[in-house]
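> Mind looking over this structure? Questions follow.
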Amino acid sequence: MEQAPRDPERQLQPAPLEPLGCPDAGLGAAIGKEAAGAGEEDSGVDTMTHNNFWLKKIEISVSEAEKRTGRNAMNMQETYTAYLIETRSVEHTDGQSVLTDSLWRRYSEFELLRNYLLVYYPHIVVPPLPEKRAEFVWHKLSADNMDPDFVERRRIGLENFLLRIASHPILCRDKIFYLFLTQEGNWKETVNETGFQLKADSRLKALNATFRVKNPDKRFTDLKHYSDELQSVISHLLRVRARVADRLYGVYKVHGNYGRVFSEWSAIEKEMGDGLQSAGHHMDVYASSIDDILEDEEHYADQLKEYLFYAEALRAVCRKHELMQYDLEMAAQDLASKKQQCEELATGTVRTFSLKGMTTKLFGQETPEQREARIKVLEEQINEGEQQLKSKNLEGREFVKNAWADIERFKEQKNRDLKEALISYAVMQISMCKKGIQVWTNAKECFSKM
């Protein structure tokens, strides 16, 4: 009896962490020996400050946003926003930074860059883009994507997106990313020539794998569940914050009525007039201060939104793992089926119902020569299937190793960023309350002098 093969449908297991590789590690040739040297020194995923040689050599900024009008692919007139990307060398003989490149990019080009990175680096939690249209806004905030305040916040978000990539130990060396910063003309053509669209997994195939995979990795299943929960929690937090902003805006603006009433009252008083007028002025200042406060709050909200969108980036890694696991299981199933067919032909027994068995009963047995030929074909297919299964196993282990290393890097980044954002938000609230106390303290002094 033929020895039973190892269970090929076993769950992918992680290997010890090793230095990660990437398909587009040719940036060193494009930007000089420094990049290549940094690539040799990297020893896997580490803190960004240890690996971000890009940020040590150049400064990246999205310095301006400009409203433009042009024609789209359908030759229709459209209005869009272009963003000026500037890169500056931080190493110069006189110690001054020097502008090396500047070019304009549309939001759609940022999207194309990210879509390319998602396909070529499926094991990486690719940084998300800022929102294309405003979400979780309070009623006084414009949801128009051409609104100047929104465009400014998106400019900051796009700069952050580029800095995230430049500080990533793998993504920072990608040639397409380098050209995104330095090559204005024909950049889209260069991206499309990589053929990344053909390598992208279809949504239907990904959905099919989600429901049909038999042995999902519990860690990735838990990560997928965590990303759903993270998205839900941050969504609720942003909704609460928007409601609070609405209420707070109303409360502050109502204080402006104090200013109007005190001013009117001061007109009919002699001894008390100056004190009432001064108190009214403090109330007006208090009422108008809410505009700057809520504008500052939007920047903290945008930091939370980044991790709202990071949740989808985590799920993308999980979906890729499910697809690889599903392909592995299908290859194993196909191999087992061929081995069974080969065994049945060799022994002349049929253990399961098959069309071939029914054909044999109707038209008679095959000749020995025909059976030998079929066995030979099946053996070749089995050898090919075993090699394919072995390759998929190795590819799967490498993916798990690299993906989990990057997920650990992302967790450290997330914990650090969210902790800083929440502390800063709390400090801002404390400062706002102190300013309110100061306003009423000043009003009290005005009343005391009457």
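Letters for chains follow the order of the structure tokens (A, B, ...), residue numbers begin at 1 for each chain, and ligand numbers begin at 1 in the order shown.
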So that each row is one residue of stretch 81-125 of chain A with an atom at most 12 Å from stretch 156-171 of chain A, can you give its shortest atom pair and the distance in Å to one decimal, using only C-alpha atoms, rows by chain and rising number, as JSON lines?

```
{"residue": "A:Ala82", "atom": "CA", "partner": "A:Leu158", "partner_atom": "CA", "distance": 11.4}
{"residue": "A:Tyr83", "atom": "CA", "partner": "A:Leu158", "partner_atom": "CA", "distance": 8.8}
{"residue": "A:Leu84", "atom": "CA", "partner": "A:Glu159", "partner_atom": "CA", "distance": 10.0}
{"residue": "A:Ile85", "atom": "CA", "partner": "A:Glu159", "partner_atom": "CA", "distance": 8.3}
{"residue": "A:Glu86", "atom": "CA", "partner": "A:Glu159", "partner_atom": "CA", "distance": 10.0}
{"residue": "A:Thr87", "atom": "CA", "partner": "A:Leu162", "partner_atom": "CA", "distance": 10.9}
{"residue": "A:Arg105", "atom": "CA", "partner": "A:Leu158", "partner_atom": "CA", "distance": 10.5}
{"residue": "A:Arg106", "atom": "CA", "partner": "A:Leu158", "partner_atom": "CA", "distance": 10.5}
{"residue": "A:Tyr107", "atom": "CA", "partner": "A:Leu158", "partner_atom": "CA", "distance": 8.5}
{"residue": "A:Ser108", "atom": "CA", "partner": "A:Leu158", "partner_atom": "CA", "distance": 11.5}
{"residue": "A:Glu109", "atom": "CA", "partner": "A:Leu158", "partner_atom": "CA", "distance": 11.2}
{"residue": "A:Phe110", "atom": "CA", "partner": "A:Leu158", "partner_atom": "CA", "distance": 8.0}
{"residue": "A:Glu111", "atom": "CA", "partner": "A:Leu158", "partner_atom": "CA", "distance": 10.4}
{"residue": "A:Leu113", "atom": "CA", "partner": "A:Leu162", "partner_atom": "CA", "distance": 10.2}
{"residue": "A:Arg114", "atom": "CA", "partner": "A:Phe161", "partner_atom": "CA", "distance": 9.5}
{"residue": "A:Tyr116", "atom": "CA", "partner": "A:Leu171", "partner_atom": "CA", "distance": 11.2}
{"residue": "A:Leu117", "atom": "CA", "partner": "A:Leu171", "partner_atom": "CA", "distance": 7.8}
{"residue": "A:Leu118", "atom": "CA", "partner": "A:Leu171", "partner_atom": "CA", "distance": 10.5}
{"residue": "A:Tyr120", "atom": "CA", "partner": "A:Leu171", "partner_atom": "CA", "distance": 9.9}
{"residue": "A:Tyr121", "atom": "CA", "partner": "A:Leu171", "partner_atom": "CA", "distance": 8.2}
{"residue": "A:Pro122", "atom": "CA", "partner": "A:Leu171", "partner_atom": "CA", "distance": 11.4}
{"residue": "A:His123", "atom": "CA", "partner": "A:Ile170", "partner_atom": "CA", "distance": 10.7}
{"residue": "A:Ile124", "atom": "CA", "partner": "A:Ile170", "partner_atom": "CA", "distance": 8.7}
{"residue": "A:Val125", "atom": "CA", "partner": "A:His168", "partner_atom": "CA", "distance": 10.2}
```
> I need the strand (DSSP E or B) residues of stretch 64-135 of chain A per DSSP on the backbone, written as a PyMOL selection string.
chain A and resi 64-71+77-89+98-106
> Would you please work out which residue, of A:Ala316, A:Asp292, A:Val191, A:His281, is nearest to A:Ile407 when using only C-alpha atoms?
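Using only C-alpha atoms, the shortest distance to A:Ile407 belongs to A:Ala316.
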> Between A:Thr182, A:Gln325, A:Thr347, A:Gln340, which residue has the minimum interatomic distance to A:Leu394, considering only C-alpha atoms?
A:Gln325
> With distances taken over only C-alpha atoms, which residue among A:Trp404, A:Trp187, A:Trp440, A:Tyr326 lies nearest A:Lys214?
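Smallest separation from A:Lys214 among the options: A:Tyr326.
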> Give the alpha helix (DSSP H) residues of stretch 82-251 of chain A, as DSSP finds them on the backbone, and put them as a ChimeraX atom specification.
/A:107-120,148-166,175-182,187-193,196-199,203-212,218-251
> Which one of A:Arg315, A:Lys444, A:Lys305, A:Lys392 sits closest to A:Ala421 if you count only C-alpha atoms?
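Closest residue, counting only C-alpha atoms: A:Lys305.
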> With only C-alpha atoms as the counted atoms, please give the residues lying no more than 8 Å from A:Ile290, apart from itself and same-chain residues fewer than 3 positions off, as a PyMOL selection string.
chain A and resi 248-249+252-253+286-287+293-294
> Between A:Arg409, A:Lys338, A:Arg212, A:Arg416, which residue has the minimum interatomic distance to A:Leu378, considering only C-alpha atoms?
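Closest candidate: A:Lys338.
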> Have a look at atom CA of A:Asp327 and atom CA of A:Gln388 and let me know their distance in Å, one decimal.
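Going from atom CA of A:Asp327 over to atom CA of A:Gln388, I get 10.6 Å.
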> Which residues are near A:Met146? Cut-off 12 Å, only C-alpha atoms, ignore same chain within fewer than 2 positions. Put them as a ChimeraX atom specification.
/A:65-68,79-82,132-134,142-144,148-155
> Figure out the distance between atom CA of A:Phe177 and atom CA of A:Trp104, please, to one decimal in Å.
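Value for the atom CA of A:Trp104-atom CA of A:Phe177 distance: 14.5 Å.
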> Leaving out A:Gly259 and any residue of its chain fewer than 2 positions from it, which residues lie within 6 Å of it when counting only C-alpha atoms, given as a list in words?
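Counting only the stated atoms, we get Gly256, Asn257, Val261, Phe262, Gly280, Met283 and Asp284 of chain A.
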> Write a file of the just-selected residues containing all heavy atoms, as a PDB file, in the first residue's frame.

```pdb
ATOM      1  N   GLY A 256     -21.870  84.484  22.958  1.00  0.00           N
ATOM      2  CA  GLY A 256     -21.834  85.768  22.288  1.00  0.00           C
ATOM      3  C   GLY A 256     -23.030  86.636  22.657  1.00  0.00           C
ATOM      4  O   GLY A 256     -22.959  87.875  22.593  1.00  0.00           O
ATOM      5  N   ASN A 257     -24.138  85.996  23.066  1.00  0.00           N
ATOM      6  CA  ASN A 257     -25.309  86.757  23.511  1.00  0.00           C
ATOM      7  C   ASN A 257     -25.011  87.534  24.791  1.00  0.00           C
ATOM      8  O   ASN A 257     -25.562  88.621  25.006  1.00  0.00           O
ATOM      9  CB  ASN A 257     -26.505  85.832  23.735  1.00  0.00           C
ATOM     10  CG  ASN A 257     -27.005  85.229  22.419  1.00  0.00           C
ATOM     11  OD1 ASN A 257     -26.816  85.818  21.363  1.00  0.00           O
ATOM     12  ND2 ASN A 257     -27.627  84.066  22.494  1.00  0.00           N
ATOM     13  N   VAL A 261     -25.693  91.493  25.250  1.00  0.00           N
ATOM     14  CA  VAL A 261     -26.532  91.993  26.352  1.00  0.00           C
ATOM     15  C   VAL A 261     -25.736  92.934  27.253  1.00  0.00           C
ATOM     16  O   VAL A 261     -26.222  94.006  27.644  1.00  0.00           O
ATOM     17  CB  VAL A 261     -27.097  90.822  27.169  1.00  0.00           C
ATOM     18  CG1 VAL A 261     -27.789  91.337  28.433  1.00  0.00           C
ATOM     19  CG2 VAL A 261     -28.069  90.011  26.328  1.00  0.00           C
ATOM     20  N   PHE A 262     -24.483  92.538  27.601  1.00  0.00           N
ATOM     21  CA  PHE A 262     -23.660  93.396  28.452  1.00  0.00           C
ATOM     22  C   PHE A 262     -23.376  94.735  27.765  1.00  0.00           C
ATOM     23  O   PHE A 262     -23.335  95.795  28.412  1.00  0.00           O
ATOM     24  CB  PHE A 262     -22.339  92.713  28.803  1.00  0.00           C
ATOM     25  CG  PHE A 262     -22.486  91.592  29.799  1.00  0.00           C
ATOM     26  CD1 PHE A 262     -21.605  90.515  29.813  1.00  0.00           C
ATOM     27  CD2 PHE A 262     -23.508  91.622  30.746  1.00  0.00           C
ATOM     28  CE1 PHE A 262     -21.731  89.495  30.741  1.00  0.00           C
ATOM     29  CE2 PHE A 262     -23.645  90.593  31.675  1.00  0.00           C
ATOM     30  CZ  PHE A 262     -22.754  89.519  31.670  1.00  0.00           C
ATOM     31  N   GLY A 280     -18.441  92.194  28.413  1.00  0.00           N
ATOM     32  CA  GLY A 280     -19.025  91.821  27.126  1.00  0.00           C
ATOM     33  C   GLY A 280     -17.955  91.512  26.093  1.00  0.00           C
ATOM     34  O   GLY A 280     -18.109  90.578  25.277  1.00  0.00           O
ATOM     35  N   MET A 283     -16.658  88.039  26.672  1.00  0.00           N
ATOM     36  CA  MET A 283     -17.624  87.038  26.210  1.00  0.00           C
ATOM     37  C   MET A 283     -17.564  86.881  24.688  1.00  0.00           C
ATOM     38  O   MET A 283     -17.669  85.773  24.160  1.00  0.00           O
ATOM     39  CB  MET A 283     -19.035  87.439  26.631  1.00  0.00           C
ATOM     40  CG  MET A 283     -19.309  87.391  28.123  1.00  0.00           C
ATOM     41  SD  MET A 283     -19.148  85.736  28.820  1.00  0.00           S
ATOM     42  CE  MET A 283     -17.587  85.899  29.709  1.00  0.00           C
ATOM     43  N   ASP A 284     -17.363  87.974  23.986  1.00  0.00           N
ATOM     44  CA  ASP A 284     -17.238  87.909  22.522  1.00  0.00           C
ATOM     45  C   ASP A 284     -15.987  87.121  22.116  1.00  0.00           C
ATOM     46  O   ASP A 284     -16.016  86.326  21.169  1.00  0.00           O
ATOM     47  CB  ASP A 284     -17.172  89.318  21.932  1.00  0.00           C
ATOM     48  CG  ASP A 284     -18.515  90.056  22.026  1.00  0.00           C
ATOM     49  OD1 ASP A 284     -19.556  89.371  22.117  1.00  0.00           O
ATOM     50  OD2 ASP A 284     -18.505  91.306  22.010  1.00  0.00           O
TER      51      ASP A 284
END
```
> For the atom pair atom CA of A:Glu398 and atom CA of A:Asp217, what is the interatomic distance in Å to one decimal place?
14.2 Å
